[in-house]
>>> print(open('data-v9.pdb').read())   # PDB, C-alpha atoms, pLDDT in the B column
ATOM      1  CA  MET A   1      42.178 210.299 119.500  1.00 71.00           C
ATOM      2  CA  LEU A   2      45.640 210.827 118.020  1.00 68.00           C
ATOM      3  CA  LEU A   3      46.448 207.150 118.587  1.00 66.00           C
ATOM      4  CA  LEU A   4      43.269 206.113 116.760  1.00 62.00           C
ATOM      5  CA  GLY A   5      44.182 208.372 113.849  1.00 60.00           C
ATOM      6  CA  CYS A   6      47.666 206.897 113.660  1.00 58.00           C
ATOM      7  CA  LEU A   7      46.243 203.362 113.691  1.00 57.00           C
ATOM      8  CA  LEU A   8      43.852 204.228 110.858  1.00 57.00           C
ATOM      9  CA  VAL A   9      46.680 205.704 108.776  1.00 57.00           C
ATOM     10  CA  ALA A  10      48.840 202.624 109.423  1.00 54.00           C
ATOM     11  CA  ALA A  11      45.969 200.282 108.495  1.00 51.00           C
ATOM     12  CA  ALA A  12      45.349 202.230 105.287  1.00 51.00           C
ATOM     13  CA  GLY A  13      49.061 201.981 104.457  1.00 55.00           C
ATOM     14  CA  VAL A  14      49.099 198.224 104.990  1.00 51.00           C
ATOM     15  CA  ALA A  15      45.927 197.847 102.878  1.00 49.00           C
ATOM     16  CA  GLY A  16      47.513 199.957 100.130  1.00 52.00           C
ATOM     17  CA  VAL A  17      50.661 197.843 100.064  1.00 47.00           C
ATOM     18  CA  GLN A  18      48.576 194.648 100.005  1.00 54.00           C
ATOM     19  CA  TYR A  19      46.491 195.984  97.100  1.00 50.00           C
ATOM     20  CA  TYR A  20      49.647 196.939  95.206  1.00 51.00           C
ATOM     21  CA  LEU A  21      51.197 193.494  95.646  1.00 51.00           C
ATOM     22  CA  ASP A  22      47.985 191.624  94.752  1.00 51.00           C
ATOM     23  CA  ASN A  23      46.790 193.769  91.855  1.00 51.00           C
ATOM     24  CA  ILE A  24      49.448 196.057  90.403  1.00 59.00           C
ATOM     25  CA  LYS A  25      52.978 194.682  90.824  1.00 64.00           C
ATOM     26  CA  LEU A  26      53.688 191.925  88.340  1.00 74.00           C
ATOM     27  CA  PRO A  27      54.142 188.447  89.821  1.00 88.00           C
ATOM     28  CA  ALA A  28      57.726 187.344  90.451  1.00 91.00           C
ATOM     29  CA  VAL A  29      57.327 184.317  88.167  1.00 95.00           C
ATOM     30  CA  SER A  30      56.675 185.207  84.520  1.00 96.00           C
ATOM     31  CA  PRO A  31      53.962 183.588  82.355  1.00 97.00           C
ATOM     32  CA  THR A  32      56.687 181.831  80.350  1.00 97.00           C
ATOM     33  CA  GLN A  33      58.160 180.339  83.520  1.00 98.00           C
ATOM     34  CA  VAL A  34      54.696 179.108  84.582  1.00 98.00           C
ATOM     35  CA  VAL A  35      54.170 177.352  81.237  1.00 97.00           C
ATOM     36  CA  GLU A  36      57.658 175.821  81.402  1.00 97.00           C
ATOM     37  CA  GLU A  37      57.017 174.612  84.979  1.00 97.00           C
ATOM     38  CA  TYR A  38      53.669 173.167  83.884  1.00 97.00           C
ATOM     39  CA  PHE A  39      55.206 171.146  81.045  1.00 94.00           C
ATOM     40  CA  ALA A  40      58.106 170.023  83.244  1.00 95.00           C
ATOM     41  CA  ALA A  41      55.589 168.806  85.838  1.00 96.00           C
ATOM     42  CA  LEU A  42      53.645 166.909  83.150  1.00 94.00           C
ATOM     43  CA  LYS A  43      56.840 165.294  81.847  1.00 93.00           C
ATOM     44  CA  SER A  44      57.786 164.121  85.333  1.00 94.00           C
ATOM     45  CA  ARG A  45      54.187 163.022  86.026  1.00 94.00           C
ATOM     46  CA  ASP A  46      53.932 165.487  88.941  1.00 96.00           C
ATOM     47  CA  TYR A  47      50.238 166.118  88.359  1.00 97.00           C
ATOM     48  CA  LYS A  48      49.731 167.838  91.694  1.00 97.00           C
ATOM     49  CA  LYS A  49      52.259 170.518  90.779  1.00 97.00           C
ATOM     50  CA  ALA A  50      50.827 170.883  87.271  1.00 97.00           C
ATOM     51  CA  TYR A  51      47.267 171.189  88.596  1.00 97.00           C
ATOM     52  CA  ALA A  52      48.393 173.906  91.030  1.00 97.00           C
ATOM     53  CA  LEU A  53      49.439 176.051  88.045  1.00 97.00           C
ATOM     54  CA  ILE A  54      45.908 176.087  86.594  1.00 97.00           C
ATOM     55  CA  SER A  55      43.238 178.709  87.214  1.00 96.00           C
ATOM     56  CA  LEU A  56      40.395 176.795  88.807  1.00 93.00           C
ATOM     57  CA  ARG A  57      38.120 179.769  88.080  1.00 93.00           C
ATOM     58  CA  HIS A  58      38.406 178.875  84.393  1.00 93.00           C
ATOM     59  CA  TYR A  59      39.118 175.136  84.452  1.00 93.00           C
ATOM     60  CA  ASN A  60      36.349 173.189  86.118  1.00 91.00           C
ATOM     61  CA  ASN A  61      37.644 169.630  85.905  1.00 93.00           C
ATOM     62  CA  SER A  62      38.474 167.851  89.130  1.00 94.00           C
ATOM     63  CA  PHE A  63      42.008 166.758  89.944  1.00 96.00           C
ATOM     64  CA  ASN A  64      41.189 163.157  88.941  1.00 96.00           C
ATOM     65  CA  GLN A  65      39.718 164.311  85.622  1.00 96.00           C
ATOM     66  CA  PHE A  66      42.851 166.379  85.047  1.00 96.00           C
ATOM     67  CA  ILE A  67      45.063 163.350  85.725  1.00 95.00           C
ATOM     68  CA  ASP A  68      43.080 161.268  83.223  1.00 94.00           C
ATOM     69  CA  ARG A  69      43.676 163.908  80.566  1.00 92.00           C
ATOM     70  CA  ALA A  70      47.278 164.781  81.440  1.00 91.00           C
ATOM     71  CA  ALA A  71      48.390 161.132  81.619  1.00 91.00           C
ATOM     72  CA  MET A  72      48.008 160.979  77.827  1.00 88.00           C
ATOM     73  CA  TYR A  73      50.934 163.389  77.317  1.00 86.00           C
ATOM     74  CA  SER A  74      54.212 161.775  76.398  1.00 87.00           C
ATOM     75  CA  PRO A  75      57.161 162.329  78.733  1.00 87.00           C
ATOM     76  CA  ASP A  76      59.250 162.667  75.547  1.00 91.00           C
ATOM     77  CA  MET A  77      57.592 165.942  74.533  1.00 90.00           C
ATOM     78  CA  HIS A  78      59.729 169.067  74.408  1.00 92.00           C
ATOM     79  CA  LEU A  79      58.526 172.658  74.769  1.00 93.00           C
ATOM     80  CA  GLU A  80      60.059 175.638  72.979  1.00 96.00           C
ATOM     81  CA  VAL A  81      58.589 178.988  73.997  1.00 97.00           C
ATOM     82  CA  THR A  82      58.454 181.289  70.970  1.00 97.00           C
ATOM     83  CA  GLY A  83      56.885 184.395  72.500  1.00 97.00           C
ATOM     84  CA  GLU A  84      55.074 186.026  75.384  1.00 97.00           C
ATOM     85  CA  SER A  85      52.696 188.959  75.616  1.00 96.00           C
ATOM     86  CA  VAL A  86      51.262 190.494  78.781  1.00 95.00           C
ATOM     87  CA  ALA A  87      48.325 192.900  78.906  1.00 94.00           C
ATOM     88  CA  ASN A  88      47.023 193.939  82.323  1.00 89.00           C
ATOM     89  CA  ASP A  89      45.906 190.747  84.094  1.00 93.00           C
ATOM     90  CA  THR A  90      46.184 188.391  81.114  1.00 96.00           C
ATOM     91  CA  ALA A  91      49.075 186.852  79.222  1.00 97.00           C
ATOM     92  CA  VAL A  92      49.604 184.636  76.201  1.00 98.00           C
ATOM     93  CA  VAL A  93      52.605 182.356  75.813  1.00 98.00           C
ATOM     94  CA  ALA A  94      53.270 181.116  72.294  1.00 98.00           C
ATOM     95  CA  ALA A  95      55.055 177.791  72.122  1.00 96.00           C
ATOM     96  CA  ARG A  96      56.049 174.929  69.904  1.00 96.00           C
ATOM     97  CA  VAL A  97      55.617 171.417  71.241  1.00 92.00           C
ATOM     98  CA  LEU A  98      57.934 168.820  69.741  1.00 93.00           C
ATOM     99  CA  LEU A  99      57.262 165.120  70.036  1.00 88.00           C
ATOM    100  CA  PRO A 100      59.430 162.346  68.613  1.00 89.00           C
ATOM    101  CA  LEU A 101      57.302 159.726  66.861  1.00 87.00           C
ATOM    102  CA  GLU A 102      58.143 156.592  64.895  1.00 86.00           C
ATOM    103  CA  PHE A 103      57.875 158.432  61.573  1.00 89.00           C
ATOM    104  CA  GLY A 104      59.807 161.517  62.691  1.00 88.00           C
ATOM    105  CA  LEU A 105      59.519 164.610  64.799  1.00 89.00           C
ATOM    106  CA  TYR A 106      56.009 166.012  65.224  1.00 91.00           C
ATOM    107  CA  SER A 107      55.827 169.764  65.756  1.00 93.00           C
ATOM    108  CA  SER A 108      52.777 171.731  66.857  1.00 93.00           C
ATOM    109  CA  ASP A 109      52.537 175.479  67.349  1.00 96.00           C
ATOM    110  CA  SER A 110      50.107 176.597  70.006  1.00 93.00           C
ATOM    111  CA  SER A 111      49.505 179.223  72.630  1.00 96.00           C
ATOM    112  CA  MET A 112      48.487 179.138  76.263  1.00 96.00           C
ATOM    113  CA  ASP A 113      46.367 181.815  77.888  1.00 97.00           C
ATOM    114  CA  LEU A 114      47.145 182.810  81.451  1.00 98.00           C
ATOM    115  CA  VAL A 115      45.386 185.018  83.959  1.00 97.00           C
ATOM    116  CA  ARG A 116      46.746 186.784  86.981  1.00 96.00           C
ATOM    117  CA  VAL A 117      45.361 185.488  90.256  1.00 94.00           C
ATOM    118  CA  GLN A 118      46.707 187.921  92.843  1.00 89.00           C
ATOM    119  CA  ARG A 119      50.485 187.311  92.937  1.00 92.00           C
ATOM    120  CA  GLU A 120      50.621 184.401  90.472  1.00 95.00           C
ATOM    121  CA  TRP A 121      50.029 183.642  86.825  1.00 97.00           C
ATOM    122  CA  LYS A 122      47.668 180.703  86.269  1.00 97.00           C
ATOM    123  CA  ILE A 123      46.960 178.762  83.082  1.00 98.00           C
ATOM    124  CA  VAL A 124      43.403 179.262  81.834  1.00 97.00           C
ATOM    125  CA  HIS A 125      42.938 176.121  79.711  1.00 90.00           C
ATOM    126  CA  PRO A 126      45.641 173.471  79.999  1.00 87.00           C
TER     127      PRO A 126
END
>>> encode(input="data-v9.pdb", output="structure tokens")
Amino acid sequence: MLLLGCLLVAAAGVAGVQYYLDNIKLPAVSPTQVVEEYFAALKSRDYKKAYALISLRHYNNSFNQFIDRAAMYSPDMHLEVTGESVANDTAVVAARVLLPLEFGLYSSDSSMDLVRVQREWKIVHP
């Protein structure tokens, strides 16, 4: 009986640690780092890596549909992160995308929403 009690306590401890890691402790990679990795993957045409950084709960396009869309991005684009905010299981990364064009440098301010999926931040709408 004592052995069974000890096993139950140990199992509860393991479950508690697992819950903490999956739901409370912040992921090791920040939302800003995820967005920077995503844009770096797009620039290098590593669509598999970029697609892996997206929350498939929120983004319903297939991998092939994603490639069709992502292939339109110029490898000359440059990302400058201008801010990050985290609230519970969501984050917003503010950024400026710079793109050299024939008539000069095009600049666009935007933001990317992220959601926590267990131990990782994922982009909601790429």
>>> residues_around(input="data-v9.pdb", residues="range 58-71 of chain A", least_positions_apart="4", cutoff="9 Å", atoms="only C-alpha atoms", output="PyMOL selection string")
chain A and resi 42+45+47-48+51+54+123-126
>>> write_last_selection(input="data-v9.pdb", atoms="C-alpha atoms", output="mmCIF file, in the coordinates of the input")
data_model
loop_
_atom_site.group_PDB
_atom_site.id
_atom_site.type_symbol
_atom_site.label_atom_id
_atom_site.label_comp_id
_atom_site.auth_asym_id
_atom_site.auth_seq_id
_atom_site.Cartn_x
_atom_site.Cartn_y
_atom_site.Cartn_z
ATOM 1 C CA LEU A 42 53.645 166.909 83.150
ATOM 2 C CA ARG A 45 54.187 163.022 86.026
ATOM 3 C CA TYR A 47 50.238 166.118 88.359
ATOM 4 C CA LYS A 48 49.731 167.838 91.694
ATOM 5 C CA TYR A 51 47.267 171.189 88.596
ATOM 6 C CA ILE A 54 45.908 176.087 86.594
ATOM 7 C CA ILE A 123 46.960 178.762 83.082
ATOM 8 C CA VAL A 124 43.403 179.262 81.834
ATOM 9 C CA HIS A 125 42.938 176.121 79.711
ATOM 10 C CA PRO A 126 45.641 173.471 79.999
#
>>> atom_distance(input="data-v9.pdb", atom1="CA of Leu105 in chain A", atom2="CA of Lys43 in chain A")
17.3 Å
>>> closest_residue(input="data-v9.pdb", among="A:Val35, A:Ala40, A:Met77, A:Ala52", to="Ala91 in chain A", atoms="all atoms listed in the file")
A:Val35
>>> atom_distance(input="data-v9.pdb", atom1="CA of Ser110 in chain A", atom2="CA of Phe39 in chain A")
13.3 Å
>>> resolve_selection(input="data-v9.pdb", expression="the PyMOL selection byres ((chain A and resi 116) around 9)", output="count of residues only")
17
>>> residues_around(input="data-v9.pdb", residues="Gln33 in chain A", least_positions_apart="4", cutoff="10 Å", atoms="all atoms listed in the file", output="list of chain:residue names")
A:Ala28, A:Val29, A:Glu37, A:Tyr38, A:Phe39, A:Val81, A:Val93, A:Trp121
>>> atom_distance(input="data-v9.pdb", atom1="CA of Asp109 in chain A", atom2="CA of Ser30 in chain A")
20.2 Å
>>> axis_aligned_box(input="data-v9.pdb", around="range 44-52 of chain A", padding_each_side="8 Å", output="JSON")
{"center_x": 52.5, "center_y": 168.5, "center_z": 88.5, "size_x": 26.5, "size_y": 26.9, "size_z": 22.4}
>>> resolve_selection(input="data-v9.pdb", expression="the PyMOL selection byres ((chain A and resi 80) around 8)", output="number ranges by chain")
A: 78-79, 81-82, 95-98
